[in-house]
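Q: The structure file model-v8.txt (compact mmCIF, C-alpha atoms) is provided below.
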# COMPACT_ATOMS: atom_id res chain seq x y z
CA MET A 329 -2.77 24.33 -6.13
CA GLY A 330 -1.55 20.75 -6.48
CA ILE A 331 -1.86 18.03 -3.86
CA TRP A 332 1.53 16.58 -2.92
CA GLN A 333 1.78 12.89 -1.96
CA GLY A 334 5.44 12.78 -1.05
CA ARG A 335 7.14 12.07 2.27
CA SER A 336 6.38 14.39 5.16
CA ARG A 337 9.01 16.87 6.31
CA ARG A 338 8.34 15.91 9.93
CA LYS A 339 9.17 12.78 11.91
CA ARG A 340 6.51 10.94 13.90
CA THR A 341 8.00 12.53 17.02
CA GLY A 342 7.48 16.00 15.57
CA GLY A 343 11.14 16.64 14.81
CA ARG A 344 12.24 18.04 11.46
CA LEU A 345 13.34 15.72 8.67
CA ARG A 346 15.99 17.07 6.30
CA PRO A 347 14.86 16.27 2.72
CA ILE A 348 17.48 14.59 0.53
CA ARG A 349 15.87 15.79 -2.72
CA LYS A 350 13.24 18.17 -4.03
CA LYS A 351 9.65 17.35 -4.95
CA ARG A 352 9.03 15.23 -8.04
CA ARG A 353 6.29 15.49 -10.61
CA PHE A 354 5.10 11.91 -10.02
CA GLU A 355 4.36 12.81 -6.39
CA ILE A 356 1.66 15.29 -7.41
CA ALA A 357 -1.88 13.98 -6.96
CA ARG A 358 -4.90 14.90 -9.06
CA GLU A 359 -7.67 17.21 -7.97
CA LEU A 360 -10.55 15.45 -6.24
CA GLN A 361 -13.43 14.51 -8.59
CA THR A 362 -16.22 12.45 -7.09
CA ALA A 363 -18.75 10.13 -8.73
CA THR A 364 -22.34 11.23 -8.16
CA VAL A 365 -25.84 10.14 -9.14
CA GLY A 366 -26.98 11.70 -12.44
CA VAL A 367 -26.73 11.38 -16.19
CA GLY A 368 -23.85 9.08 -17.21
CA THR A 369 -20.53 10.87 -17.74
CA VAL A 370 -17.10 9.18 -17.90
CA LYS A 371 -13.74 10.94 -18.13
CA ARG A 372 -10.50 9.42 -19.41
CA TYR A 373 -7.18 10.52 -17.95
CA ARG A 374 -3.54 9.62 -18.39
CA VAL A 375 -1.59 7.97 -15.59
CA ARG A 376 2.06 7.12 -15.12
CA GLY A 377 3.58 5.05 -17.90
CA GLY A 378 1.23 6.45 -20.54
CA ASN A 379 -1.61 4.21 -19.37
CA ARG A 380 -5.24 5.30 -19.20
CA LYS A 381 -7.82 5.21 -16.45
CA LEU A 382 -11.51 5.99 -16.59
CA ARG A 383 -13.29 8.08 -13.97
CA ILE A 384 -17.05 8.12 -13.53
CA LEU A 385 -18.25 11.65 -12.87
CA THR A 386 -21.99 10.91 -12.96
CA THR A 387 -23.94 7.69 -13.36
CA ALA A 388 -27.57 6.62 -13.20
CA SER A 389 -27.19 2.83 -13.13
CA VAL A 390 -25.20 0.05 -11.49
CA ASN A 391 -24.41 -3.56 -12.45
CA VAL A 392 -25.93 -5.62 -9.63
CA TYR A 393 -24.92 -9.20 -8.81
CA ASP A 394 -27.56 -11.17 -6.91
CA PRO A 395 -25.92 -13.98 -4.89
CA ALA A 396 -29.23 -15.82 -4.43
CA SER A 397 -29.99 -16.21 -8.16
CA ARG A 398 -26.31 -15.91 -9.25
CA LYS A 399 -27.27 -13.43 -11.97
CA THR A 400 -26.11 -9.94 -12.84
CA GLN A 401 -28.45 -7.25 -14.11
CA ARG A 402 -28.48 -3.50 -14.51
CA ALA A 403 -30.39 -1.41 -11.96
CA ARG A 404 -31.35 2.25 -11.76
CA ILE A 405 -29.88 4.16 -8.80
CA VAL A 406 -32.42 5.98 -6.64
CA THR A 407 -30.11 7.47 -3.99
CA VAL A 408 -27.08 6.88 -1.78
CA ARG A 409 -28.23 5.36 1.51
CA GLU A 410 -24.89 5.04 3.40
CA ASN A 411 -21.25 5.86 2.75
CA PRO A 412 -18.61 4.78 5.29
CA ALA A 413 -15.96 6.98 3.63
CA ASN A 414 -17.67 10.21 4.67
CA PRO A 415 -21.14 10.85 6.20
CA ASN A 416 -21.43 14.06 4.15
CA TYR A 417 -21.26 12.01 0.93
CA VAL A 418 -24.79 10.71 1.62
CA GLN A 419 -26.25 14.22 1.42
CA ARG A 420 -24.28 14.94 -1.77
CA ASN A 421 -25.07 11.53 -3.37
CA VAL A 422 -21.35 10.75 -3.81
CA ILE A 423 -20.53 7.14 -4.71
CA THR A 424 -17.34 5.44 -3.52
CA ARG A 425 -16.31 1.84 -2.93
CA GLY A 426 -18.27 0.43 0.00
CA ALA A 427 -21.19 2.82 -0.39
CA ILE A 428 -24.69 1.41 -0.02
CA LEU A 429 -27.04 2.46 -2.81
CA GLU A 430 -30.80 2.25 -2.99
CA THR A 431 -31.82 0.88 -6.39
CA ASP A 432 -35.01 -0.36 -7.97
CA LEU A 433 -33.80 -3.93 -7.18
CA GLY A 434 -33.08 -3.20 -3.51
CA LEU A 435 -29.99 -2.23 -1.52
CA VAL A 436 -26.62 -2.65 -3.23
CA ARG A 437 -23.06 -2.40 -1.87
CA VAL A 438 -20.56 -0.93 -4.35
CA LEU A 439 -17.60 -3.24 -5.04
CA SER A 440 -15.76 -1.34 -7.79
CA ARG A 441 -13.85 1.92 -7.54
CA PRO A 442 -15.75 4.41 -9.74
CA GLY A 443 -12.91 6.94 -9.64
CA GLN A 444 -10.45 4.47 -11.19
CA ASP A 445 -12.36 1.66 -12.89
CA GLY A 446 -14.83 3.64 -14.98
CA ILE A 447 -17.58 1.12 -14.18
CA LEU A 448 -19.96 0.71 -11.26
CA ASN A 449 -20.43 -2.84 -9.97
CA GLY A 450 -22.22 -3.90 -6.81
CA VAL A 451 -23.69 -6.82 -4.95
CA ARG A 452 -27.25 -7.00 -3.68
CA ILE A 453 -27.50 -7.14 0.12
CA ALA A 454 -30.34 -8.13 2.40
CA ALA A 455 -32.48 -5.31 3.70
CA PRO A 456 -31.48 -4.13 7.21
CA PRO A 457 -33.81 -5.29 10.01
CA GLY A 458 -36.47 -2.86 11.16
Just give me the structure of the file as structure tokens.
A:
Amino acid sequence: MGIWQGRSRRKRTGGRLRPIRKKRRFEIARELQTATVGVGTVKRYRVRGGNRKLRILTTASVNVYDPASRKTQRARIVTVRENPANPNYVQRNVITRGAILETDLGLVRVLSRPGQDGILNGVRIAAPPG
């Protein structure tokens, strides 16, 4: 079953809104596919206008920028430490933008969108106190 991203058929007050047209194909969303920790897998898919996007399905490494040394290097992902998008994502090792990863270089906050960019970039953050 498709996910529809069109306008609701209800007003904010709860009243019914009479639609002026039917559903359109461009209002259909894609099925949810999340990026997780594992062997590297990237999927290409077509978007509106014939353009292409890349979606990370699994990845084992992240490009880490260190603000102190101003250098970028590749790091191996150990696990997902926090994810503000959904607390359940931590248990499932799902990576989204804003997630905090534990790597062999330390804690990293994800800056890119792995479901749309096809690459995983992050910035090294100071370890939390305690």
Q: Tell me which protein, DNA and RNA residues are within 8 Å of A:Gly334, counting only C-alpha atoms, leaving out same-chain ones fewer than 4 positions away, and put them as a list in words.
A: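 With the cut-off at 8 Å, the set is Lys351, Glu355 and Ile356 of chain A.
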Q: Find the residues of stretch 397-446 of chain A that sit at most 12 Å from stretch 370-387 of chain A; for each, write down the nearest two atoms and how far apart they are in Å, to one decimal. Count only C-alpha atoms. Sort by chain, then by number going up, and give it as CSV.
A:
residue,atom,partner,partner_atom,distance
A:Ala403,CA,A:Thr387,CA,11.2
A:Arg404,CA,A:Thr387,CA,9.3
A:Ile405,CA,A:Thr387,CA,8.3
A:Val406,CA,A:Thr387,CA,11.0
A:Thr407,CA,A:Thr387,CA,11.2
A:Asn421,CA,A:Thr386,CA,10.1
A:Val422,CA,A:Thr386,CA,9.2
A:Ile423,CA,A:Thr386,CA,9.2
A:Thr424,CA,A:Ile384,CA,10.4
A:Ser440,CA,A:Ile384,CA,11.1
A:Arg441,CA,A:Arg383,CA,8.9
A:Pro442,CA,A:Ile384,CA,5.5
A:Gly443,CA,A:Arg383,CA,4.5
A:Gln444,CA,A:Arg383,CA,5.4
A:Asp445,CA,A:Leu382,CA,5.8
A:Gly446,CA,A:Leu382,CA,4.4
Q: How many Å separate atom CA of A:Asn416 from atom CA of A:Thr431?
A: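 Straight-line distance from atom CA of A:Asn416 to atom CA of A:Thr431 works out to 19.8 Å.
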Q: Pick from A:Arg349, A:Arg452, A:Arg358, A:Lys339: nearest to A:Ala396, with all atoms listed in the file counted?
A: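 Among the listed residues, A:Arg452 lies closest to A:Ala396.
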Q: Quick one: pull the distance between atom CA of A:Thr369 and atom CA of A:Leu435, Å, one decimal.
A: 22.9 Å
Q: Please compute the atom CA of A:Arg402-atom CA of A:Val390 distance, one decimal, in Å.
A: 5.7 Å
Q: Would you please work out which residue, of A:Glu359, A:Gly450, A:Pro412, A:Arg340, is nearest to A:Pro395 when using all atoms listed in the file?
A: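 Going through A:Glu359, A:Gly450, A:Pro412, A:Arg340 one by one, the smallest distance to A:Pro395 is for A:Gly450.
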Q: Find the smallest box with edges along x, y and z containing every listed atom of stretch 334-352 of chain A, then add 5 Å on each side and report centre and edge lengths in Å to one decimal, as AutoDock Vina command-line options.
A:
--center_x 11.5 --center_y 14.6 --center_z 4.5 --size_x 22.0 --size_y 17.2 --size_z 35.1
Q: For A:Arg398, please output as a short mmCIF file (atom, residue, chain, number, x, y, z; two decimals) with C-alpha atoms, keeping the file's coordinate frame all residues within 12 Å (counting all atoms listed in the file; exclusion window: fewer than 5 positions along the same chain).
A:
data_model
loop_
_atom_site.label_atom_id
_atom_site.label_comp_id
_atom_site.auth_asym_id
_atom_site.auth_seq_id
_atom_site.Cartn_x
_atom_site.Cartn_y
_atom_site.Cartn_z
CA VAL A 392 -25.93 -5.62 -9.63
CA TYR A 393 -24.92 -9.20 -8.81
CA VAL A 451 -23.69 -6.82 -4.95
CA ARG A 452 -27.25 -7.00 -3.68
#
